[in-house]
Each structure stands twice: as C-alpha cells, then as structure tokens.
>>> print(open('target-v7.txt').read())   # compact mmCIF, C-alpha atoms
# COMPACT_ATOMS: atom_id res chain seq x y z
CA MET R 1 0.00 0.00 0.00
CA ASN R 2 1.18 3.52 -0.79
CA ASP R 3 2.54 5.20 2.35
CA ASN R 4 1.43 8.56 0.90
CA LEU R 5 -2.16 7.72 1.86
CA PHE R 6 -1.11 8.15 5.48
CA SER R 7 0.13 11.34 7.12
CA GLN R 8 3.71 11.55 8.34
CA GLN R 9 2.50 11.39 11.96
CA LEU R 10 0.38 8.27 11.34
CA ASN R 11 3.23 6.59 9.45
CA GLN R 12 5.54 7.22 12.40
CA VAL R 13 3.03 5.68 14.83
CA ILE R 14 2.62 2.64 12.56
CA LYS R 15 6.38 2.15 12.25
CA ALA R 16 6.77 2.42 16.01
CA ALA R 17 4.03 -0.16 16.59
CA LEU R 18 5.64 -2.58 14.13
CA THR R 19 9.10 -2.60 15.71
CA ASP R 20 8.39 -5.68 17.88
CA GLY R 21 6.51 -7.57 15.15
CA PHE R 22 3.27 -7.68 17.16
CA ILE R 23 0.23 -5.39 17.08
CA SER R 24 -1.78 -5.48 20.29
CA GLU R 25 -5.49 -4.71 20.38
CA LYS R 26 -4.73 -1.44 22.16
CA GLU R 27 -2.22 -0.42 19.48
CA ARG R 28 -4.66 -1.36 16.72
CA ALA R 29 -7.45 0.67 18.36
CA VAL R 30 -5.17 3.72 18.59
CA LEU R 31 -4.24 3.37 14.92
CA TYR R 32 -7.89 3.02 13.89
CA ARG R 33 -8.77 6.19 15.78
CA LEU R 34 -5.91 8.20 14.22
CA ALA R 35 -6.73 6.85 10.74
CA LYS R 36 -10.41 7.77 11.10
CA GLY R 37 -9.36 11.37 11.70
CA GLU R 38 -7.60 11.28 8.32
CA GLY R 39 -10.57 9.75 6.50
CA LEU R 40 -9.04 6.26 6.27
CA THR R 41 -10.83 2.98 6.93
CA PRO R 42 -9.82 0.17 9.32
CA GLU R 43 -9.35 -2.08 6.25
CA GLN R 44 -6.72 0.29 4.87
CA VAL R 45 -4.94 0.29 8.23
CA ASP R 46 -5.06 -3.50 8.42
CA LYS R 47 -3.57 -3.81 4.94
CA ARG R 48 -0.77 -1.39 5.85
CA LEU R 49 -0.08 -3.32 9.07
CA GLU R 50 -0.03 -6.67 7.28
CA GLU R 51 2.51 -5.36 4.78
CA GLY R 52 4.63 -4.04 7.64
CA LEU R 53 4.42 -7.31 9.58
CA GLN R 54 5.42 -9.29 6.50
CA LYS R 55 8.47 -7.09 6.08
CA TRP R 56 9.30 -7.55 9.77
CA ARG R 57 9.06 -11.36 9.42
CA THR R 58 11.36 -11.33 6.41
CA GLU R 59 13.95 -9.24 8.26
CA ARG R 60 13.57 -11.44 11.35
CA GLN R 61 14.26 -14.56 9.32
CA ALA R 62 17.52 -13.00 8.20
CA ARG R 63 18.49 -12.40 11.83
CA LEU R 64 17.91 -15.97 12.99
CA HIS R 65 20.84 -18.19 13.97
CA LYS R 66 21.16 -21.76 15.26
CA CYS R 67 21.83 -22.96 18.78
CA PRO R 68 25.33 -24.56 18.81
CA ALA R 69 24.06 -27.35 21.10
CA CYS R 70 20.73 -28.49 19.63
CA GLY R 71 20.54 -26.65 16.32
CA ALA R 72 17.26 -24.87 17.09
CA GLU R 73 16.62 -21.56 15.28
CA LEU R 74 17.05 -18.62 17.65
CA GLU R 75 16.59 -14.88 17.51
CA ALA R 76 19.69 -12.71 17.46
CA PHE R 77 20.98 -11.71 20.92
CA VAL R 78 19.24 -14.62 22.71
CA THR R 79 21.46 -15.56 25.67
CA LYS R 80 19.91 -18.94 26.50
CA CYS R 81 18.37 -21.51 24.20
CA PRO R 82 14.70 -22.00 25.21
CA TYR R 83 14.76 -25.57 23.86
CA CYS R 84 17.84 -27.14 25.45
CA GLY R 85 18.93 -24.52 27.98
CA ALA R 86 22.39 -24.02 26.47
CA GLU R 87 24.05 -20.69 27.35
CA ILE R 88 24.86 -18.58 24.30
CA ALA R 89 27.50 -15.90 24.71
CA VAL R 90 26.44 -12.76 22.88
CA GLU R 91 27.08 -9.09 23.43
CA ARG R 92 24.05 -7.16 24.64
CA ALA R 93 22.50 -5.12 21.86
CA SER R 94 22.75 -1.38 22.30
CA SER R 95 21.03 0.87 19.80
CA VAL R 96 22.97 3.85 21.14
CA LYS R 97 26.30 2.16 20.43
CA ALA R 98 25.09 0.93 17.05
CA LEU R 99 24.02 4.44 15.99
CA GLU R 100 27.23 6.02 17.30
CA LYS R 101 29.20 3.45 15.30
CA LYS R 102 27.23 4.19 12.13
CA LEU R 103 27.78 7.93 12.53
CA ALA R 104 31.50 7.42 13.20
CA GLU R 105 31.83 5.32 10.03
CA LEU R 106 30.50 8.10 7.79
CA GLN R 107 33.19 9.18 5.35
CA PRO R 108 33.53 12.92 4.59
CA THR R 109 32.59 13.75 1.00
CA GLY R 110 34.27 17.14 0.91
CA ASN R 111 30.86 18.80 0.69
CA ASP R 112 29.63 20.05 4.06
CA LYS R 113 25.98 20.16 2.94
CA ALA R 114 26.14 16.57 1.65
CA ASP R 115 27.87 15.38 4.84
CA LYS R 116 25.12 16.90 6.98
CA ALA R 117 22.45 15.33 4.77
CA LEU R 118 24.08 11.91 5.19
CA ARG R 119 24.22 12.33 8.96
CA ARG R 120 20.55 13.33 9.09
CA ASP R 121 19.64 10.34 6.93
CA VAL R 122 21.45 7.90 9.24
CA ILE R 123 19.66 9.30 12.29
CA SER R 124 16.21 9.50 10.68
CA THR R 125 16.30 5.96 9.23
CA PHE R 126 17.77 4.27 12.30
CA PRO R 127 15.24 1.71 13.65
CA VAL R 128 13.35 2.40 16.86
CA PRO R 129 14.56 0.04 19.64
CA ASN R 130 12.10 -2.65 20.78
CA THR R 131 13.27 -3.58 24.28
CA ARG R 132 12.62 -1.61 27.44
CA GLU R 133 16.24 -0.93 28.41
CA ASP R 134 17.31 -0.12 24.87
CA LEU R 135 14.32 2.13 24.28
CA LEU R 136 14.86 4.17 27.45
CA GLU R 137 18.59 4.49 26.73
CA PHE R 138 17.94 5.62 23.17
CA LEU R 139 15.32 8.12 24.32
CA GLY R 140 17.96 9.71 26.54
CA LEU R 141 20.29 10.07 23.56
CA ALA R 142 17.52 11.51 21.36
CA ALA R 143 16.52 13.95 24.11
CA ASP R 144 20.09 15.26 24.34
CA GLY R 145 20.18 15.77 20.58
CA ALA R 146 16.77 17.45 20.51
CA ARG R 147 17.57 19.96 23.25
CA LEU R 148 18.17 23.51 21.98
CA GLN R 149 21.58 24.74 23.14
CA GLY R 150 23.10 28.18 23.36
CA GLY R 151 20.39 30.20 25.15
CA TRP R 152 19.88 33.56 23.45
CA ARG R 153 22.69 32.71 21.02
CA ALA R 154 21.06 29.43 19.93
CA THR R 155 19.64 30.57 16.58
CA PRO R 156 20.34 33.43 14.12
CA VAL R 157 16.90 34.92 14.83
CA ARG R 158 17.55 35.02 18.57
CA ARG R 159 20.97 36.61 18.05
CA PHE R 160 19.50 39.25 15.70
CA LEU R 161 16.72 40.16 18.13
CA TRP R 162 19.11 40.34 21.08
CA VAL R 163 21.63 42.66 19.38
CA SER R 164 18.83 44.82 17.93
CA GLY R 165 17.30 45.07 21.40
CA VAL R 166 20.60 46.24 22.89
CA PHE R 167 20.92 49.05 20.34
CA VAL R 168 17.30 50.13 20.78
CA GLY R 169 17.79 50.15 24.55
CA LEU R 170 20.93 52.28 24.32
CA PHE R 171 19.27 54.80 22.02
CA LEU R 172 16.21 54.82 24.27
CA LEU R 173 18.33 55.91 27.20
CA LEU R 174 20.04 58.53 25.04
CA PHE R 175 16.82 59.99 23.65
CA ILE R 176 15.09 60.04 27.03
CA GLY R 177 18.07 61.91 28.43
CA ILE R 178 18.07 64.41 25.58
CA TYR R 179 14.34 65.12 25.58
CA PHE R 180 13.98 65.39 29.30
CA ALA R 181 17.15 67.42 29.61
CA ALA R 182 15.63 69.84 27.10
CA ALA R 183 12.44 70.12 29.10
CA GLU R 184 12.33 73.87 28.53
CA THR R 185 12.16 73.33 24.78
CA TRP R 186 9.39 70.77 25.17
CA ARG R 187 7.53 72.59 27.90
CA GLY R 188 4.41 72.80 25.73
CA GLU R 189 4.32 69.06 25.18
CA ALA R 190 2.72 66.62 27.61
CA LEU R 191 4.97 64.23 29.53
CA VAL R 192 3.50 61.23 27.72
CA THR R 193 4.08 62.86 24.32
CA ARG R 194 7.74 63.56 25.15
CA PHE R 195 8.17 59.97 26.28
CA LEU R 196 6.57 58.53 23.12
CA ILE R 197 8.77 60.74 20.92
CA ALA R 198 11.83 59.47 22.79
CA VAL R 199 10.79 55.81 22.45
CA GLY R 200 9.93 56.18 18.75
CA GLY R 201 13.18 57.93 17.97
CA ALA R 202 15.16 55.36 19.93
CA PHE R 203 13.54 52.49 18.02
CA VAL R 204 14.14 54.06 14.58
CA PHE R 205 17.77 55.00 15.23
CA GLY R 206 18.43 51.78 17.12
CA MET R 207 17.29 49.67 14.17
CA ILE R 208 19.10 51.84 11.61
CA PHE R 209 22.45 51.68 13.38
CA GLY R 210 21.99 48.31 15.04
CA ALA R 211 20.63 46.27 12.13
CA PRO R 212 24.01 45.86 10.32
CA PHE R 213 25.67 44.64 13.53
CA ALA R 214 22.68 42.44 14.32
CA PHE R 215 22.72 40.82 10.86
CA PHE R 216 26.47 40.22 11.09
CA TYR R 217 26.27 38.68 14.56
CA ALA R 218 23.22 36.61 13.61
CA ALA R 219 25.19 35.08 10.75
CA MET R 220 28.57 34.70 12.46
CA GLY R 221 27.77 34.51 16.17
CA GLY R 222 27.51 31.43 18.36
CA SER R 223 30.09 28.72 18.87
CA LYS R 224 30.64 26.17 16.10
CA ALA R 225 29.83 23.29 18.45
CA VAL R 226 26.51 24.84 19.51
CA ASN R 227 25.56 25.74 15.93
CA ARG R 228 26.38 22.23 14.72
CA HIS R 229 24.34 20.67 17.52
CA ASN R 230 21.31 22.84 16.76
CA GLU R 231 21.51 22.12 13.01
CA PHE R 232 20.60 18.48 13.75
CA ARG R 233 17.99 19.31 16.40
CA GLN R 234 14.97 18.76 14.13
CA VAL R 235 15.99 15.26 13.04
CA TRP R 236 16.57 14.33 16.69
CA LEU R 237 13.16 15.76 17.60
CA ASP R 238 11.56 13.54 14.96
CA LYS R 239 13.46 10.49 16.22
CA PHE R 240 12.55 11.33 19.83
CA SER R 241 8.88 11.54 18.80
CA GLN R 242 9.05 8.10 17.13
CA CYS R 243 10.68 6.50 20.18
CA MET R 244 8.29 8.21 22.59
CA THR R 245 5.30 6.96 20.62
CA LYS R 246 6.60 3.41 20.87
CA ALA R 247 7.43 3.83 24.56
CA ARG R 248 3.96 5.17 25.42
CA LEU R 249 2.38 2.17 23.69
CA THR R 250 4.57 -0.47 25.36
CA LEU R 251 5.88 0.83 28.71
CA HIS R 252 3.26 1.12 31.44
CA ALA R 253 5.17 0.58 34.72
CA PRO R 254 4.88 3.67 37.00
CA ALA R 255 8.66 4.19 37.06
CA ASP R 256 8.84 4.02 33.26
CA VAL R 257 5.91 6.41 32.81
CA ALA R 258 7.56 8.86 35.23
CA ARG R 259 10.81 8.67 33.24
CA LEU R 260 8.97 9.30 29.96
CA ASP R 261 7.18 12.31 31.48
CA GLU R 262 10.53 13.66 32.69
CA LEU R 263 12.12 13.34 29.25
CA GLU R 264 9.20 15.10 27.59
CA LYS R 265 9.42 17.97 30.09
CA GLU R 266 13.12 18.37 29.33
CA ILE R 267 12.39 18.61 25.62
CA ASN R 268 9.60 21.16 26.09
CA LYS R 269 11.58 23.53 28.31
>>> encode(input="target-v7.txt", output="structure tokens")
Amino acid sequence: MNDNLFSQQLNQVIKAALTDGFISEKERAVLYRLAKGEGLTPEQVDKRLEEGLQKWRTERQARLHKCPACGAELEAFVTKCPYCGAEIAVERASSVKALEKKLAELQPTGNDKADKALRRDVISTFPVPNTREDLLEFLGLAADGARLQGGWRATPVRRFLWVSGVFVGLFLLLFIGIYFAAAETWRGEALVTRFLIAVGGAFVFGMIFGAPFAFFYAAMGGSKAVNRHNEFRQVWLDKFSQCMTKARLTLHAPADVARLDELEKEINK
C-alpha cells in the first residue's frame, strides 16, 4: 500500500508499533482512531499493518541463527536456548552504540551540505529500539540531541533580536536623556508625548544603526559546536517523537511512565 495515503505522523506511529513484530489490540485501536481522523478505513490500516508485519518477518528470518548445542533456530541476541537450555555468549544489543558506530563510520565527502544530509539520513532511518532498556537508553540520547543549546545565542533569529534590542535600549536611554534634559524646549508638550517621541526615535535609530551589527552577529555569532548541535535538532526531535510513541504504547510501569514524562518535560523547556 502507498505510504502517501497516510500522514507523516500516522506513518511514524505505525512504524513504532511494528518494531516488535506484534500489534496489540490497544495499538490497533489507537491506529484506527488516528486513521479515522484522516478519512481512512480500518481495512486500509489492516492492509498497511499486514505489509509491515510481512516485512518484519522477512527481516527477522535474516536475523535468525542456530543454537550450537541443539541446532534450534534462535533470535539474534538470545542468551539462552529456550529448547535445550544451552548458554549462548552474545554481546548485549545497544542501539545507542550501534548508531554512534554508524555515525563514526560516515566518510567525509568534501561537501559540508552533503555530509550533513548523510548524517541526518542515518539518524532518521535508524530503527526504533524494541526492548525496554534499549528504548529508554535511546530516548535519553535523542533527548540530548533534541535539546536547543546556546540560550539567546542558539539561533540566528535570537541573536539578531538580542543585538537589535541592545541598540534600541541604548538609544532609548540617550533619547530620554536628551528630551527630558531639554524640558524647557518641550515645555508645551505633555509628559506622555515627550516619552513617546523618545521611544519612537530610539527604536528608529536603534534599528538603523543596530541592524548591520545584528545581521552580522546573527550570521557569524555562536560557537561552532553549539551551531552544529542545533543544526541536527529537528531530526533528533523527529526520532525522539518516534521513540516516545513506541514507549507510550509499550511501557506502562509507573517508574517508566515517570521517566517518559521527565524526558518530555526536558524537551519542552
């Protein structure tokens, strides 16, 4: 089925629900409700889910390996054979380590824009973890990446507004001093009128003289590390949203719910 029939948000929820290869009745009900809001039928959702589950089964088959003792087919990362009890030494899967390894293996192309696009693609296409520990660990990583850094220097718009505000404030003080010092000249004007003239003049001159500096600082200001972090913030926000959707559907222990609430609050600060 064409994924374009579904909104980006609904596609993300479906992908998150499919990560463990099982759709619970609760997950299916949530998907039906979201699809109804987009004018889609339960049959269309079921067809999309069946296609996704078939893909998951195919990929799972590729991950299977045999128990060295009895030859039974086992999932990857199983530490004990459920058929004969044989211990199987495997390294614990860590999505965080796997993603960090993928990012470290990216080769520079010599084109900064292309390099950033490759990095975004690796992050956006990385699969959502499907175990509790892995999911919570990955959510922590995604939350760090999605957090806006730099305070008032975080984005060019913030830097422009801050510098412009400084110049307007300085001219405001200057104009207020001039107009009120020349009170004799403005004796015929009301106090409010003199104040409004001062504020208006300060704003005009502040923007005229401050705008060039503000534009320059907006473009050049901020540390390289902070700017680089914030450039990838949106892709991390999207990945955080995918993982959080999966976590809300599968993790219901009070401690887990509290941790999820805490991560969401950090993101929304």
>>> closest_residue(input="target-v7.txt", among="R:Leu135, R:Leu170, R:Leu196, R:Ile123", to="R:Gln234", atoms="only C-alpha atoms")
R:Ile123
>>> closest_residue(input="target-v7.txt", among="R:Ile14, R:Leu141, R:Val30, R:Val163", to="R:Lys47", atoms="only C-alpha atoms")
R:Ile14
>>> residues_around(input="target-v7.txt", residues="stretch 243-258 of chain R", least_positions_apart="6", cutoff="10 Å", atoms="all atoms listed in the file", output="NGL selection string")
:R and (12-20 or 24 or 26-27 or 30 or 127-132 or 135-136 or 138-139 or 142 or 237 or 264)
>>> residues_near_point(input="target-v7.txt", point="(25.6, 10.9, 6.6)", cutoff="10 Å", atoms="all atoms listed in the file", output="list of chain:residue names")
R:Lys102, R:Leu103, R:Ala104, R:Glu105, R:Leu106, R:Gln107, R:Pro108, R:Thr109, R:Lys113, R:Ala114, R:Asp115, R:Lys116, R:Ala117, R:Leu118, R:Arg119, R:Arg120, R:Asp121, R:Val122, R:Ile123
>>> write_last_selection(input="target-v7.txt", atoms="C-alpha atoms", output="compact mmCIF listing (two decimals), in the frame of the given file")
# COMPACT_ATOMS: atom_id res chain seq x y z
CA LYS R 102 27.23 4.19 12.13
CA LEU R 103 27.78 7.93 12.53
CA ALA R 104 31.50 7.42 13.20
CA GLU R 105 31.83 5.32 10.03
CA LEU R 106 30.50 8.10 7.79
CA GLN R 107 33.19 9.18 5.35
CA PRO R 108 33.53 12.92 4.59
CA THR R 109 32.59 13.75 1.00
CA LYS R 113 25.98 20.16 2.94
CA ALA R 114 26.14 16.57 1.65
CA ASP R 115 27.87 15.38 4.84
CA LYS R 116 25.12 16.90 6.98
CA ALA R 117 22.45 15.33 4.77
CA LEU R 118 24.08 11.91 5.19
CA ARG R 119 24.22 12.33 8.96
CA ARG R 120 20.55 13.33 9.09
CA ASP R 121 19.64 10.34 6.93
CA VAL R 122 21.45 7.90 9.24
CA ILE R 123 19.66 9.30 12.29
>>> atom_distance(input="target-v7.txt", atom1="atom CA of R:Glu38", atom2="atom CA of R:Phe6")
7.7 Å
>>> atom_distance(input="target-v7.txt", atom1="atom CA of R:Ser124", atom2="atom CA of R:Arg147")
16.4 Å
>>> atom_distance(input="target-v7.txt", atom1="atom CA of R:Gly39", atom2="atom CA of R:Gln242")
22.4 Å
>>> closest_residue(input="target-v7.txt", among="R:Pro42, R:Glu133, R:Asp238, R:Ile267", to="R:Gln9", atoms="only C-alpha atoms")
R:Asp238
>>> closest_residue(input="target-v7.txt", among="R:Glu43, R:Gly85, R:Val168, R:Ser241", to="R:Leu10", atoms="all atoms listed in the file")
R:Ser241
>>> decode(input="target-v7.txt", residues="stretch 82-115 of chain R", atoms="N, CA, C and O atoms", output="mmCIF file, in the first residue's frame")
data_model
loop_
_atom_site.group_PDB
_atom_site.id
_atom_site.type_symbol
_atom_site.label_atom_id
_atom_site.label_comp_id
_atom_site.auth_asym_id
_atom_site.auth_seq_id
_atom_site.Cartn_x
_atom_site.Cartn_y
_atom_site.Cartn_z
ATOM 1 N N PRO R 82 15.924 -21.603 24.504
ATOM 2 C CA PRO R 82 14.699 -21.996 25.207
ATOM 3 C C PRO R 82 14.360 -23.477 25.035
ATOM 4 O O PRO R 82 13.480 -23.991 25.727
ATOM 5 N N TYR R 83 15.060 -24.168 24.138
ATOM 6 C CA TYR R 83 14.761 -25.572 23.862
ATOM 7 C C TYR R 83 15.641 -26.537 24.669
ATOM 8 O O TYR R 83 15.163 -27.538 25.196
ATOM 9 N N CYS R 84 16.948 -26.223 24.734
ATOM 10 C CA CYS R 84 17.843 -27.140 25.451
ATOM 11 C C CYS R 84 18.519 -26.508 26.655
ATOM 12 O O CYS R 84 19.193 -27.180 27.427
ATOM 13 N N GLY R 85 18.351 -25.185 26.817
ATOM 14 C CA GLY R 85 18.932 -24.521 27.979
ATOM 15 C C GLY R 85 20.387 -24.142 27.835
ATOM 16 O O GLY R 85 21.001 -23.641 28.783
ATOM 17 N N ALA R 86 20.973 -24.347 26.670
ATOM 18 C CA ALA R 86 22.394 -24.025 26.475
ATOM 19 C C ALA R 86 22.615 -22.520 26.555
ATOM 20 O O ALA R 86 21.825 -21.735 26.018
ATOM 21 N N GLU R 87 23.688 -22.106 27.251
ATOM 22 C CA GLU R 87 24.052 -20.693 27.347
ATOM 23 C C GLU R 87 24.715 -20.259 26.044
ATOM 24 O O GLU R 87 25.563 -20.950 25.496
ATOM 25 N N ILE R 88 24.308 -19.095 25.548
ATOM 26 C CA ILE R 88 24.859 -18.575 24.298
ATOM 27 C C ILE R 88 25.478 -17.215 24.586
ATOM 28 O O ILE R 88 24.786 -16.281 25.001
ATOM 29 N N ALA R 89 26.771 -17.140 24.388
ATOM 30 C CA ALA R 89 27.500 -15.904 24.707
ATOM 31 C C ALA R 89 27.317 -14.903 23.571
ATOM 32 O O ALA R 89 27.790 -15.126 22.453
ATOM 33 N N VAL R 90 26.596 -13.841 23.858
ATOM 34 C CA VAL R 90 26.437 -12.762 22.877
ATOM 35 C C VAL R 90 26.564 -11.431 23.599
ATOM 36 O O VAL R 90 26.284 -11.308 24.784
ATOM 37 N N GLU R 91 26.982 -10.440 22.851
ATOM 38 C CA GLU R 91 27.083 -9.093 23.429
ATOM 39 C C GLU R 91 25.711 -8.447 23.431
ATOM 40 O O GLU R 91 24.961 -8.551 22.468
ATOM 41 N N ARG R 92 25.350 -7.808 24.528
ATOM 42 C CA ARG R 92 24.050 -7.159 24.641
ATOM 43 C C ARG R 92 23.897 -6.082 23.566
ATOM 44 O O ARG R 92 24.803 -5.295 23.320
ATOM 45 N N ALA R 93 22.750 -6.111 22.909
ATOM 46 C CA ALA R 93 22.500 -5.118 21.861
ATOM 47 C C ALA R 93 22.338 -3.736 22.477
ATOM 48 O O ALA R 93 21.696 -3.582 23.507
ATOM 49 N N SER R 94 22.920 -2.751 21.857
ATOM 50 C CA SER R 94 22.755 -1.376 22.302
ATOM 51 C C SER R 94 22.531 -0.512 21.076
ATOM 52 O O SER R 94 23.424 -0.340 20.247
ATOM 53 N N SER R 95 21.334 0.022 20.948
ATOM 54 C CA SER R 95 21.031 0.867 19.798
ATOM 55 C C SER R 95 21.871 2.128 19.823
ATOM 56 O O SER R 95 22.255 2.650 18.767
ATOM 57 N N VAL R 96 22.156 2.639 21.018
ATOM 58 C CA VAL R 96 22.966 3.849 21.136
ATOM 59 C C VAL R 96 24.360 3.597 20.555
ATOM 60 O O VAL R 96 24.869 4.377 19.747
ATOM 61 N N LYS R 97 24.969 2.483 20.949
ATOM 62 C CA LYS R 97 26.299 2.157 20.434
ATOM 63 C C LYS R 97 26.261 1.909 18.931
ATOM 64 O O LYS R 97 27.164 2.305 18.194
ATOM 65 N N ALA R 98 25.209 1.230 18.480
ATOM 66 C CA ALA R 98 25.086 0.929 17.051
ATOM 67 C C ALA R 98 24.968 2.214 16.234
ATOM 68 O O ALA R 98 25.590 2.348 15.169
ATOM 69 N N LEU R 99 24.175 3.183 16.716
ATOM 70 C CA LEU R 99 24.020 4.443 15.994
ATOM 71 C C LEU R 99 25.318 5.236 16.020
ATOM 72 O O LEU R 99 25.736 5.805 15.003
ATOM 73 N N GLU R 100 25.958 5.302 17.190
ATOM 74 C CA GLU R 100 27.226 6.023 17.296
ATOM 75 C C GLU R 100 28.263 5.431 16.349
ATOM 76 O O GLU R 100 29.055 6.158 15.729
ATOM 77 N N LYS R 101 28.273 4.105 16.212
ATOM 78 C CA LYS R 101 29.203 3.447 15.300
ATOM 79 C C LYS R 101 28.902 3.822 13.857
ATOM 80 O O LYS R 101 29.815 4.113 13.069
ATOM 81 N N LYS R 102 27.614 3.828 13.501
ATOM 82 C CA LYS R 102 27.225 4.189 12.134
ATOM 83 C C LYS R 102 27.640 5.617 11.800
ATOM 84 O O LYS R 102 28.132 5.909 10.705
ATOM 85 N N LEU R 103 27.430 6.530 12.756
ATOM 86 C CA LEU R 103 27.782 7.932 12.531
ATOM 87 C C LEU R 103 29.293 8.094 12.418
ATOM 88 O O LEU R 103 29.793 8.896 11.614
ATOM 89 N N ALA R 104 30.039 7.332 13.233
ATOM 90 C CA ALA R 104 31.501 7.417 13.199
ATOM 91 C C ALA R 104 32.066 6.872 11.898
ATOM 92 O O ALA R 104 33.153 7.278 11.461
ATOM 93 N N GLU R 105 31.354 5.945 11.272
ATOM 94 C CA GLU R 105 31.833 5.318 10.033
ATOM 95 C C GLU R 105 31.542 6.152 8.788
ATOM 96 O O GLU R 105 32.007 5.818 7.696
ATOM 97 N N LEU R 106 30.791 7.245 8.943
ATOM 98 C CA LEU R 106 30.499 8.096 7.792
ATOM 99 C C LEU R 106 31.785 8.721 7.261
ATOM 100 O O LEU R 106 32.574 9.290 8.021
ATOM 101 N N GLN R 107 31.989 8.620 5.980
ATOM 102 C CA GLN R 107 33.188 9.177 5.354
ATOM 103 C C GLN R 107 32.882 10.572 4.803
ATOM 104 O O GLN R 107 31.894 10.751 4.084
ATOM 105 N N PRO R 108 33.744 11.565 5.119
ATOM 106 C CA PRO R 108 33.534 12.920 4.585
ATOM 107 C C PRO R 108 33.558 12.922 3.053
ATOM 108 O O PRO R 108 34.371 12.232 2.438
ATOM 109 N N THR R 109 32.660 13.680 2.462
ATOM 110 C CA THR R 109 32.588 13.750 1.002
ATOM 111 C C THR R 109 33.300 14.982 0.452
ATOM 112 O O THR R 109 33.441 15.115 -0.764
ATOM 113 N N GLY R 110 33.688 15.887 1.363
ATOM 114 C CA GLY R 110 34.270 17.141 0.913
ATOM 115 C C GLY R 110 33.232 18.216 0.698
ATOM 116 O O GLY R 110 33.559 19.373 0.425
ATOM 117 N N ASN R 111 31.966 17.849 0.835
ATOM 118 C CA ASN R 111 30.858 18.798 0.688
ATOM 119 C C ASN R 111 30.112 18.833 2.014
ATOM 120 O O ASN R 111 29.476 17.852 2.405
ATOM 121 N N ASP R 112 30.207 19.957 2.714
ATOM 122 C CA ASP R 112 29.626 20.053 4.056
ATOM 123 C C ASP R 112 28.126 19.813 4.046
ATOM 124 O O ASP R 112 27.578 19.138 4.918
ATOM 125 N N LYS R 113 27.437 20.333 3.033
ATOM 126 C CA LYS R 113 25.983 20.160 2.939
ATOM 127 C C LYS R 113 25.632 18.690 2.750
ATOM 128 O O LYS R 113 24.688 18.172 3.372
ATOM 129 N N ALA R 114 26.389 17.996 1.894
ATOM 130 C CA ALA R 114 26.138 16.571 1.652
ATOM 131 C C ALA R 114 26.447 15.744 2.902
ATOM 132 O O ALA R 114 25.728 14.790 3.212
ATOM 133 N N ASP R 115 27.514 16.105 3.618
ATOM 134 C CA ASP R 115 27.868 15.384 4.844
ATOM 135 C C ASP R 115 26.763 15.499 5.885
ATOM 136 O O ASP R 115 26.413 14.518 6.553
#
